[in-house]
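What follows is the content of data-v7.txt (compact mmCIF, N, CA and C atoms).
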# COMPACT_ATOMS: atom_id res chain seq x y z
N PRO A 1 -62.96 8.63 61.42
CA PRO A 1 -61.84 8.08 60.68
C PRO A 1 -60.55 8.12 61.49
N ASP A 2 -59.69 9.10 61.27
CA ASP A 2 -58.38 9.13 61.92
C ASP A 2 -58.31 10.19 63.01
N GLY A 3 -59.42 10.53 63.64
CA GLY A 3 -59.45 11.54 64.68
C GLY A 3 -59.65 12.95 64.14
N GLU A 4 -59.59 13.12 62.84
CA GLU A 4 -59.82 14.41 62.22
C GLU A 4 -61.32 14.70 62.19
N PRO A 5 -61.72 15.97 62.32
CA PRO A 5 -63.14 16.29 62.19
C PRO A 5 -63.65 15.92 60.79
N TYR A 6 -64.92 15.59 60.70
CA TYR A 6 -65.52 15.23 59.41
C TYR A 6 -66.99 15.61 59.41
N LEU A 7 -67.55 15.69 58.23
CA LEU A 7 -68.99 15.89 58.08
C LEU A 7 -69.64 14.52 58.13
N ALA A 8 -70.73 14.41 58.88
CA ALA A 8 -71.43 13.14 59.02
C ALA A 8 -72.52 13.05 57.97
N GLY A 9 -72.49 11.97 57.22
CA GLY A 9 -73.54 11.69 56.24
C GLY A 9 -74.37 10.51 56.68
N GLN A 10 -75.44 10.27 55.95
CA GLN A 10 -76.31 9.13 56.20
C GLN A 10 -76.42 8.33 54.92
N ARG A 11 -76.18 7.01 55.01
CA ARG A 11 -76.31 6.13 53.85
C ARG A 11 -77.56 5.27 54.01
N CYS A 12 -78.39 5.27 52.99
CA CYS A 12 -79.61 4.45 53.00
C CYS A 12 -79.21 2.98 52.92
N GLY A 13 -79.74 2.18 53.85
CA GLY A 13 -79.44 0.76 53.87
C GLY A 13 -80.08 0.00 52.73
N ALA A 14 -81.13 0.57 52.13
CA ALA A 14 -81.83 -0.13 51.05
C ALA A 14 -81.18 0.10 49.69
N CYS A 15 -80.85 1.36 49.37
CA CYS A 15 -80.35 1.64 48.02
C CYS A 15 -78.94 2.24 47.99
N GLY A 16 -78.41 2.64 49.15
CA GLY A 16 -77.06 3.16 49.21
C GLY A 16 -76.93 4.66 48.96
N ALA A 17 -78.04 5.36 48.75
CA ALA A 17 -77.98 6.81 48.54
C ALA A 17 -77.38 7.47 49.78
N VAL A 18 -76.60 8.53 49.58
CA VAL A 18 -75.93 9.22 50.68
C VAL A 18 -76.45 10.64 50.77
N TYR A 19 -76.65 11.09 52.02
CA TYR A 19 -77.17 12.43 52.30
C TYR A 19 -76.31 13.08 53.38
N LEU A 20 -76.31 14.40 53.37
CA LEU A 20 -75.65 15.16 54.44
C LEU A 20 -76.68 15.36 55.54
N GLY A 21 -76.32 15.01 56.76
CA GLY A 21 -77.24 15.18 57.89
C GLY A 21 -78.23 14.04 58.00
N ARG A 22 -79.04 14.11 59.05
CA ARG A 22 -80.02 13.05 59.35
C ARG A 22 -81.19 13.07 58.38
N ARG A 23 -81.74 11.88 58.14
CA ARG A 23 -82.90 11.71 57.25
C ARG A 23 -83.91 10.79 57.92
N ARG A 24 -85.17 11.01 57.61
CA ARG A 24 -86.22 10.08 58.04
C ARG A 24 -86.51 9.07 56.96
N ALA A 25 -86.47 9.53 55.70
CA ALA A 25 -86.77 8.65 54.57
C ALA A 25 -85.82 8.98 53.43
N CYS A 26 -85.62 8.01 52.58
CA CYS A 26 -84.74 8.16 51.44
C CYS A 26 -85.49 8.81 50.28
N ALA A 27 -84.91 9.86 49.72
CA ALA A 27 -85.52 10.53 48.57
C ALA A 27 -85.41 9.70 47.30
N ARG A 28 -84.47 8.77 47.24
CA ARG A 28 -84.29 7.95 46.05
C ARG A 28 -85.27 6.76 46.02
N CYS A 29 -85.36 6.03 47.15
CA CYS A 29 -86.17 4.80 47.13
C CYS A 29 -87.38 4.84 48.06
N ALA A 30 -87.53 5.93 48.81
CA ALA A 30 -88.67 6.15 49.72
C ALA A 30 -88.69 5.24 50.94
N THR A 31 -87.61 4.51 51.20
CA THR A 31 -87.53 3.68 52.40
C THR A 31 -87.42 4.58 53.62
N GLU A 32 -88.18 4.25 54.66
CA GLU A 32 -88.09 4.99 55.92
C GLU A 32 -87.11 4.29 56.84
N GLY A 33 -86.27 5.10 57.50
CA GLY A 33 -85.31 4.54 58.45
C GLY A 33 -84.24 3.72 57.76
N GLY A 34 -83.48 3.00 58.56
CA GLY A 34 -82.45 2.13 58.01
C GLY A 34 -81.22 2.87 57.50
N PHE A 35 -80.94 4.04 58.06
CA PHE A 35 -79.77 4.81 57.64
C PHE A 35 -78.60 4.52 58.57
N ALA A 36 -77.41 4.50 58.01
CA ALA A 36 -76.19 4.34 58.79
C ALA A 36 -75.37 5.61 58.66
N GLU A 37 -74.81 6.07 59.77
CA GLU A 37 -73.96 7.25 59.72
C GLU A 37 -72.62 6.89 59.12
N ILE A 38 -72.14 7.75 58.22
CA ILE A 38 -70.83 7.55 57.61
C ILE A 38 -70.07 8.87 57.66
N ALA A 39 -68.76 8.78 57.63
CA ALA A 39 -67.91 9.97 57.53
C ALA A 39 -67.80 10.32 56.05
N LEU A 40 -68.14 11.56 55.72
CA LEU A 40 -68.00 12.01 54.34
C LEU A 40 -66.55 12.40 54.08
N SER A 41 -66.16 12.36 52.83
CA SER A 41 -64.80 12.72 52.44
C SER A 41 -64.49 14.15 52.85
N ARG A 42 -63.24 14.39 53.19
CA ARG A 42 -62.78 15.73 53.56
C ARG A 42 -62.31 16.49 52.33
N ARG A 43 -62.22 15.83 51.18
CA ARG A 43 -61.80 16.48 49.94
C ARG A 43 -62.93 16.43 48.93
N GLY A 44 -63.00 17.47 48.12
CA GLY A 44 -64.03 17.52 47.10
C GLY A 44 -63.63 18.48 45.99
N THR A 45 -64.62 18.84 45.18
CA THR A 45 -64.41 19.70 44.02
C THR A 45 -65.35 20.88 44.10
N LEU A 46 -64.81 22.07 43.91
CA LEU A 46 -65.64 23.28 43.91
C LEU A 46 -66.50 23.29 42.66
N TRP A 47 -67.80 23.26 42.86
CA TRP A 47 -68.74 23.20 41.75
C TRP A 47 -69.12 24.59 41.27
N VAL A 48 -69.43 25.47 42.20
CA VAL A 48 -69.83 26.84 41.87
C VAL A 48 -69.42 27.74 43.03
N TRP A 49 -69.19 29.02 42.77
CA TRP A 49 -68.77 29.93 43.84
C TRP A 49 -69.30 31.32 43.57
N SER A 50 -69.30 32.13 44.61
CA SER A 50 -69.72 33.52 44.50
C SER A 50 -68.94 34.33 45.53
N ILE A 51 -68.65 35.57 45.19
CA ILE A 51 -67.99 36.47 46.12
C ILE A 51 -69.05 37.38 46.71
N VAL A 52 -69.17 37.37 48.03
CA VAL A 52 -70.18 38.14 48.74
C VAL A 52 -69.59 39.49 49.11
N HIS A 53 -70.28 40.55 48.70
CA HIS A 53 -69.82 41.91 48.98
C HIS A 53 -70.69 42.64 50.00
N GLN A 54 -71.89 42.13 50.26
CA GLN A 54 -72.77 42.72 51.27
C GLN A 54 -73.26 41.60 52.18
N SER A 55 -73.24 41.86 53.49
CA SER A 55 -73.65 40.84 54.45
C SER A 55 -74.27 41.52 55.66
N ALA A 56 -74.59 40.71 56.65
CA ALA A 56 -75.18 41.23 57.88
C ALA A 56 -74.16 42.11 58.60
N PRO A 57 -74.64 43.06 59.41
CA PRO A 57 -73.72 43.91 60.17
C PRO A 57 -72.77 43.05 61.00
N GLY A 58 -71.51 43.43 61.01
CA GLY A 58 -70.51 42.71 61.79
C GLY A 58 -69.84 41.56 61.05
N VAL A 59 -70.34 41.22 59.87
CA VAL A 59 -69.73 40.14 59.09
C VAL A 59 -68.81 40.78 58.06
N PRO A 60 -67.50 40.55 58.17
CA PRO A 60 -66.56 41.19 57.24
C PRO A 60 -66.75 40.69 55.81
N VAL A 61 -66.70 41.61 54.87
CA VAL A 61 -66.80 41.29 53.46
C VAL A 61 -65.57 41.86 52.76
N PRO A 62 -65.21 41.40 51.60
CA PRO A 62 -65.83 40.31 50.85
C PRO A 62 -65.37 38.94 51.37
N TYR A 63 -66.17 37.92 51.07
CA TYR A 63 -65.80 36.55 51.36
C TYR A 63 -66.37 35.65 50.27
N VAL A 64 -65.90 34.43 50.24
CA VAL A 64 -66.27 33.50 49.17
C VAL A 64 -67.16 32.40 49.73
N VAL A 65 -68.27 32.16 49.05
CA VAL A 65 -69.14 31.02 49.36
C VAL A 65 -69.15 30.12 48.13
N GLY A 66 -69.45 28.85 48.36
CA GLY A 66 -69.47 27.94 47.23
C GLY A 66 -70.25 26.69 47.51
N VAL A 67 -70.34 25.86 46.49
CA VAL A 67 -70.93 24.53 46.60
C VAL A 67 -69.84 23.55 46.21
N VAL A 68 -69.58 22.61 47.12
CA VAL A 68 -68.52 21.62 46.93
C VAL A 68 -69.18 20.26 46.73
N ASP A 69 -68.78 19.57 45.68
CA ASP A 69 -69.24 18.21 45.43
C ASP A 69 -68.26 17.24 46.07
N LEU A 70 -68.79 16.32 46.88
CA LEU A 70 -67.97 15.29 47.51
C LEU A 70 -68.08 13.99 46.72
N PRO A 71 -67.09 13.11 46.81
CA PRO A 71 -67.11 11.87 46.04
C PRO A 71 -68.33 10.98 46.30
N GLU A 72 -68.94 11.12 47.46
CA GLU A 72 -70.11 10.29 47.80
C GLU A 72 -71.37 10.73 47.08
N GLY A 73 -71.29 11.83 46.31
CA GLY A 73 -72.46 12.31 45.58
C GLY A 73 -73.23 13.38 46.34
N VAL A 74 -72.68 13.88 47.41
CA VAL A 74 -73.31 14.91 48.23
C VAL A 74 -72.72 16.27 47.85
N SER A 75 -73.56 17.29 47.78
CA SER A 75 -73.09 18.66 47.57
C SER A 75 -73.24 19.43 48.88
N VAL A 76 -72.22 20.23 49.21
CA VAL A 76 -72.19 20.96 50.47
C VAL A 76 -72.05 22.45 50.19
N ARG A 77 -72.96 23.26 50.76
CA ARG A 77 -72.82 24.71 50.70
C ARG A 77 -71.86 25.12 51.82
N CYS A 78 -70.93 26.03 51.51
CA CYS A 78 -69.91 26.36 52.52
C CYS A 78 -69.25 27.69 52.21
N ASN A 79 -68.50 28.17 53.19
CA ASN A 79 -67.60 29.30 52.99
C ASN A 79 -66.24 28.73 52.60
N LEU A 80 -65.56 29.43 51.72
CA LEU A 80 -64.20 29.06 51.35
C LEU A 80 -63.25 30.02 52.03
N ILE A 81 -62.18 29.47 52.59
CA ILE A 81 -61.19 30.30 53.27
C ILE A 81 -59.83 30.05 52.63
N GLU A 82 -58.87 30.87 53.02
CA GLU A 82 -57.50 30.76 52.54
C GLU A 82 -57.42 30.89 51.02
N VAL A 83 -58.34 31.66 50.45
CA VAL A 83 -58.33 31.97 49.03
C VAL A 83 -58.81 33.41 48.89
N ALA A 84 -58.16 34.17 48.03
CA ALA A 84 -58.54 35.57 47.84
C ALA A 84 -59.94 35.67 47.23
N PRO A 85 -60.73 36.63 47.70
CA PRO A 85 -62.04 36.84 47.10
C PRO A 85 -61.89 37.57 45.76
N ASP A 86 -61.29 36.88 44.83
CA ASP A 86 -60.95 37.43 43.53
C ASP A 86 -61.21 36.35 42.48
N PRO A 87 -61.97 36.65 41.43
CA PRO A 87 -62.24 35.63 40.41
C PRO A 87 -60.98 34.99 39.83
N ALA A 88 -59.86 35.71 39.81
CA ALA A 88 -58.62 35.15 39.28
C ALA A 88 -58.07 34.04 40.17
N ALA A 89 -58.46 34.00 41.45
CA ALA A 89 -57.95 33.00 42.40
C ALA A 89 -58.87 31.78 42.50
N LEU A 90 -60.02 31.84 41.85
CA LEU A 90 -61.03 30.78 41.97
C LEU A 90 -61.29 30.16 40.60
N ARG A 91 -61.62 28.87 40.61
CA ARG A 91 -62.02 28.25 39.35
C ARG A 91 -62.97 27.09 39.62
N PHE A 92 -63.88 26.90 38.71
CA PHE A 92 -64.78 25.77 38.79
C PHE A 92 -63.98 24.49 38.62
N GLY A 93 -64.25 23.48 39.43
CA GLY A 93 -63.50 22.24 39.36
C GLY A 93 -62.24 22.24 40.22
N MET A 94 -62.03 23.31 40.98
CA MET A 94 -60.85 23.42 41.83
C MET A 94 -60.93 22.39 42.96
N PRO A 95 -59.85 21.64 43.23
CA PRO A 95 -59.87 20.72 44.37
C PRO A 95 -59.83 21.50 45.68
N VAL A 96 -60.65 21.07 46.63
CA VAL A 96 -60.73 21.72 47.93
C VAL A 96 -60.72 20.66 49.02
N GLU A 97 -60.40 21.09 50.24
CA GLU A 97 -60.42 20.18 51.39
C GLU A 97 -61.10 20.87 52.56
N MET A 98 -61.75 20.07 53.38
CA MET A 98 -62.46 20.59 54.53
C MET A 98 -61.49 20.89 55.67
N THR A 99 -61.81 21.94 56.41
CA THR A 99 -61.09 22.27 57.63
C THR A 99 -62.11 22.84 58.60
N THR A 100 -61.71 23.05 59.81
CA THR A 100 -62.60 23.66 60.80
C THR A 100 -61.92 24.88 61.40
N GLY A 101 -62.74 25.74 61.99
CA GLY A 101 -62.20 26.92 62.64
C GLY A 101 -63.27 27.57 63.49
N VAL A 102 -62.85 28.47 64.33
CA VAL A 102 -63.78 29.21 65.18
C VAL A 102 -64.44 30.29 64.34
N SER A 103 -65.76 30.26 64.26
CA SER A 103 -66.48 31.24 63.45
C SER A 103 -66.92 32.45 64.27
N GLN A 104 -67.16 32.22 65.56
CA GLN A 104 -67.62 33.30 66.45
C GLN A 104 -67.61 32.77 67.88
N GLN A 105 -68.10 33.57 68.79
CA GLN A 105 -68.28 33.11 70.17
C GLN A 105 -69.74 33.29 70.55
N ASP A 106 -70.23 32.36 71.38
CA ASP A 106 -71.62 32.48 71.82
C ASP A 106 -71.72 33.49 72.97
N ARG A 107 -72.91 33.67 73.51
CA ARG A 107 -73.14 34.66 74.58
C ARG A 107 -72.29 34.42 75.81
N ASP A 108 -71.94 33.15 76.05
CA ASP A 108 -71.16 32.79 77.23
C ASP A 108 -69.66 32.82 76.97
N GLY A 109 -69.25 33.23 75.77
CA GLY A 109 -67.84 33.31 75.45
C GLY A 109 -67.23 32.02 74.94
N ASN A 110 -68.07 31.01 74.67
CA ASN A 110 -67.57 29.74 74.14
C ASN A 110 -67.35 29.85 72.64
N ASP A 111 -66.30 29.22 72.16
CA ASP A 111 -66.04 29.21 70.73
C ASP A 111 -67.09 28.40 69.99
N VAL A 112 -67.54 28.92 68.86
CA VAL A 112 -68.44 28.20 67.97
C VAL A 112 -67.59 27.74 66.79
N VAL A 113 -67.47 26.43 66.63
CA VAL A 113 -66.62 25.87 65.59
C VAL A 113 -67.47 25.55 64.37
N ALA A 114 -66.96 25.91 63.20
CA ALA A 114 -67.67 25.67 61.95
C ALA A 114 -66.74 24.94 60.98
N PHE A 115 -67.32 24.39 59.92
CA PHE A 115 -66.49 23.78 58.87
C PHE A 115 -66.38 24.75 57.71
N TYR A 116 -65.27 24.66 57.03
CA TYR A 116 -64.98 25.47 55.84
C TYR A 116 -64.29 24.57 54.84
N PHE A 117 -64.16 25.05 53.62
CA PHE A 117 -63.32 24.38 52.64
C PHE A 117 -62.27 25.38 52.19
N ARG A 118 -61.11 24.86 51.80
CA ARG A 118 -60.01 25.69 51.33
C ARG A 118 -59.36 24.99 50.14
N PRO A 119 -58.60 25.72 49.30
CA PRO A 119 -57.94 25.07 48.18
C PRO A 119 -57.04 23.93 48.65
N ALA A 120 -56.99 22.90 47.85
CA ALA A 120 -56.16 21.71 48.18
C ALA A 120 -55.30 21.38 46.99
N PRO A 121 -54.22 20.66 47.23
CA PRO A 121 -53.43 20.17 46.10
C PRO A 121 -54.29 19.28 45.21
N ALA A 122 -54.01 19.22 43.94
CA ALA A 122 -54.78 18.37 43.02
C ALA A 122 -54.77 16.92 43.51
N PHE A 123 -55.90 16.25 43.27
CA PHE A 123 -55.95 14.83 43.67
C PHE A 123 -56.47 14.00 42.55

Give the structure from this file in structure tokens form.
Amino acid sequence: PDGEPYLAGQRCGACGAVYLGRRRACARCATEGGFAEIALSRRGTLWVWSIVHQSAPGVPVPYVVGVVDLPEGVSVRCNLIEVAPDPAALRFGMPVEMTTGVSQQDRDGNDVVAFYFRPAPAF
């Protein structure tokens, strides 16, 4: 789109169904192939969330995970940032926007960039 990072979706050329990531066949119409890559919306709605209090060693807790519904009909599992891990700060139906950030470094010291969602102004 405008040079901003985005999640890549796949749109079925036969029926228009949209999916996150690559597909071989459409789950809606069973057509194989014929997918076009599209940029998914950077804004969505928080559908469900959970506060994680126990995680793998080295992963700071608590943190918030959730499922975000995008306007294209795709749901995305993600971490939420820039919001307190407190039920009072979270609500179902909250508008959120995608952002990216460094999640860790690989063995060679290179940054590993991940996507996250954060609260957004109402839309």

Problem set entry | Glu82 (chain A) surroundings by only C-alpha atoms, 9 Å radius, close-in-sequence under 4 positions cut, as a PyMOL selection string | chain A and resi 117-119

Problem set entry | Interatomic distance, CA of Leu80 (chain A) to CA of Arg22 (chain A) (Å, one decimal) | 23.9 Å

Exercise. Need the neighbours of (-67.9, 25.2, 53.8): which residues are at most 6.5 Å away, counting all atoms listed in the file, as a ChimeraX atom specification?
Worked result: /A:76-80,115-117

Could you save the residues just selected, with N, CA and C atoms, as a PDB file, in the frame of the given file?
ATOM      1  N   VAL A  76     -72.220  20.230  49.210  1.00  0.00           N
ATOM      2  CA  VAL A  76     -72.190  20.960  50.470  1.00  0.00           C
ATOM      3  C   VAL A  76     -72.050  22.450  50.190  1.00  0.00           C
ATOM      4  N   ARG A  77     -72.960  23.260  50.760  1.00  0.00           N
ATOM      5  CA  ARG A  77     -72.820  24.710  50.700  1.00  0.00           C
ATOM      6  C   ARG A  77     -71.860  25.120  51.820  1.00  0.00           C
ATOM      7  N   CYS A  78     -70.930  26.030  51.510  1.00  0.00           N
ATOM      8  CA  CYS A  78     -69.910  26.360  52.520  1.00  0.00           C
ATOM      9  C   CYS A  78     -69.250  27.690  52.210  1.00  0.00           C
ATOM     10  N   ASN A  79     -68.500  28.170  53.190  1.00  0.00           N
ATOM     11  CA  ASN A  79     -67.600  29.300  52.990  1.00  0.00           C
ATOM     12  C   ASN A  79     -66.240  28.730  52.600  1.00  0.00           C
ATOM     13  N   LEU A  80     -65.560  29.430  51.720  1.00  0.00           N
ATOM     14  CA  LEU A  80     -64.200  29.060  51.350  1.00  0.00           C
ATOM     15  C   LEU A  80     -63.250  30.020  52.030  1.00  0.00           C
ATOM     16  N   PHE A 115     -67.320  24.390  59.920  1.00  0.00           N
ATOM     17  CA  PHE A 115     -66.490  23.780  58.870  1.00  0.00           C
ATOM     18  C   PHE A 115     -66.380  24.750  57.710  1.00  0.00           C
ATOM     19  N   TYR A 116     -65.270  24.660  57.030  1.00  0.00           N
ATOM     20  CA  TYR A 116     -64.980  25.470  55.840  1.00  0.00           C
ATOM     21  C   TYR A 116     -64.290  24.570  54.840  1.00  0.00           C
ATOM     22  N   PHE A 117     -64.160  25.050  53.620  1.00  0.00           N
ATOM     23  CA  PHE A 117     -63.320  24.380  52.640  1.00  0.00           C
ATOM     24  C   PHE A 117     -62.270  25.380  52.190  1.00  0.00           C
TER      25      PHE A 117
END

For this session: Might you pull out every residue within 12 Å of region 29-46 of chain A, with only C-alpha atoms counted and same-chain residues fewer than 6 positions away left off, and present them as a PyMOL selection string?
Result: chain A and resi 1-23+64-80+90-100+115-123

Exercise. Tell me, which residues of chain A carry DSSP strand (DSSP E or B), written as JSON, numbers by chain?
Worked result: {"A": [8, 9, 10, 11, 12, 18, 19, 20, 25, 32, 35, 36, 37, 38, 39, 43, 44, 45, 46, 47, 48, 49, 50, 51, 52, 63, 64, 65, 66, 67, 68, 69, 75, 76, 77, 78, 79, 80, 95, 96, 97, 98, 99, 100, 101, 102, 103, 104, 105, 111, 112, 113, 114, 115, 116, 117, 118, 119]}

Problem set entry | Pairwise distance for CA of Tyr63 (chain A) and atom N of Trp49 (chain A), rounded to one decimal in Å | 11.9 Å

Exercise. Could you state the separation of CA of Ile51 (chain A) and CA of Arg107 (chain A) in Å, given to one decimal place?
Worked result: 29.0 Å

Saved region 70-83 of chain A from the preceding structure, N, CA and C atoms, as a PDB file, in the first residue's frame:
ATOM      1  N   LEU A  70     -10.358  -8.690  11.129  1.00  0.00           N
ATOM      2  CA  LEU A  70     -10.082  -7.665  10.124  1.00  0.00           C
ATOM      3  C   LEU A  70     -11.296  -7.508   9.216  1.00  0.00           C
ATOM      4  N   PRO A  71     -11.463  -6.351   8.582  1.00  0.00           N
ATOM      5  CA  PRO A  71     -12.629  -6.113   7.730  1.00  0.00           C
ATOM      6  C   PRO A  71     -12.781  -7.115   6.580  1.00  0.00           C
ATOM      7  N   GLU A  72     -11.690  -7.728   6.160  1.00  0.00           N
ATOM      8  CA  GLU A  72     -11.756  -8.689   5.044  1.00  0.00           C
ATOM      9  C   GLU A  72     -12.355 -10.027   5.457  1.00  0.00           C
ATOM     10  N   GLY A  73     -12.674 -10.187   6.751  1.00  0.00           N
ATOM     11  CA  GLY A  73     -13.252 -11.443   7.218  1.00  0.00           C
ATOM     12  C   GLY A  73     -12.220 -12.410   7.760  1.00  0.00           C
ATOM     13  N   VAL A  74     -11.000 -11.973   7.932  1.00  0.00           N
ATOM     14  CA  VAL A  74      -9.908 -12.799   8.443  1.00  0.00           C
ATOM     15  C   VAL A  74      -9.735 -12.511   9.932  1.00  0.00           C
ATOM     16  N   SER A  75      -9.491 -13.548  10.722  1.00  0.00           N
ATOM     17  CA  SER A  75      -9.164 -13.385  12.138  1.00  0.00           C
ATOM     18  C   SER A  75      -7.683 -13.681  12.326  1.00  0.00           C
ATOM     19  N   VAL A  76      -7.016 -12.848  13.139  1.00  0.00           N
ATOM     20  CA  VAL A  76      -5.577 -12.957  13.343  1.00  0.00           C
ATOM     21  C   VAL A  76      -5.294 -13.148  14.829  1.00  0.00           C
ATOM     22  N   ARG A  77      -4.535 -14.196  15.172  1.00  0.00           N
ATOM     23  CA  ARG A  77      -4.059 -14.368  16.548  1.00  0.00           C
ATOM     24  C   ARG A  77      -2.809 -13.510  16.700  1.00  0.00           C
ATOM     25  N   CYS A  78      -2.708 -12.792  17.827  1.00  0.00           N
ATOM     26  CA  CYS A  78      -1.582 -11.862  17.965  1.00  0.00           C
ATOM     27  C   CYS A  78      -1.340 -11.499  19.422  1.00  0.00           C
ATOM     28  N   ASN A  79      -0.208 -10.861  19.650  1.00  0.00           N
ATOM     29  CA  ASN A  79       0.074 -10.219  20.929  1.00  0.00           C
ATOM     30  C   ASN A  79      -0.399  -8.779  20.829  1.00  0.00           C
ATOM     31  N   LEU A  80      -0.922  -8.274  21.929  1.00  0.00           N
ATOM     32  CA  LEU A  80      -1.311  -6.869  21.998  1.00  0.00           C
ATOM     33  C   LEU A  80      -0.265  -6.132  22.816  1.00  0.00           C
ATOM     34  N   ILE A  81       0.128  -4.970  22.325  1.00  0.00           N
ATOM     35  CA  ILE A  81       1.121  -4.164  23.031  1.00  0.00           C
ATOM     36  C   ILE A  81       0.533  -2.795  23.315  1.00  0.00           C
ATOM     37  N   GLU A  82       1.253  -2.029  24.108  1.00  0.00           N
ATOM     38  CA  GLU A  82       0.861  -0.670  24.460  1.00  0.00           C
ATOM     39  C   GLU A  82      -0.501  -0.630  25.150  1.00  0.00           C
ATOM     40  N   VAL A  83      -0.817  -1.707  25.871  1.00  0.00           N
ATOM     41  CA  VAL A  83      -2.026  -1.772  26.675  1.00  0.00           C
ATOM     42  C   VAL A  83      -1.674  -2.553  27.941  1.00  0.00           C
TER      43      VAL A  83
END
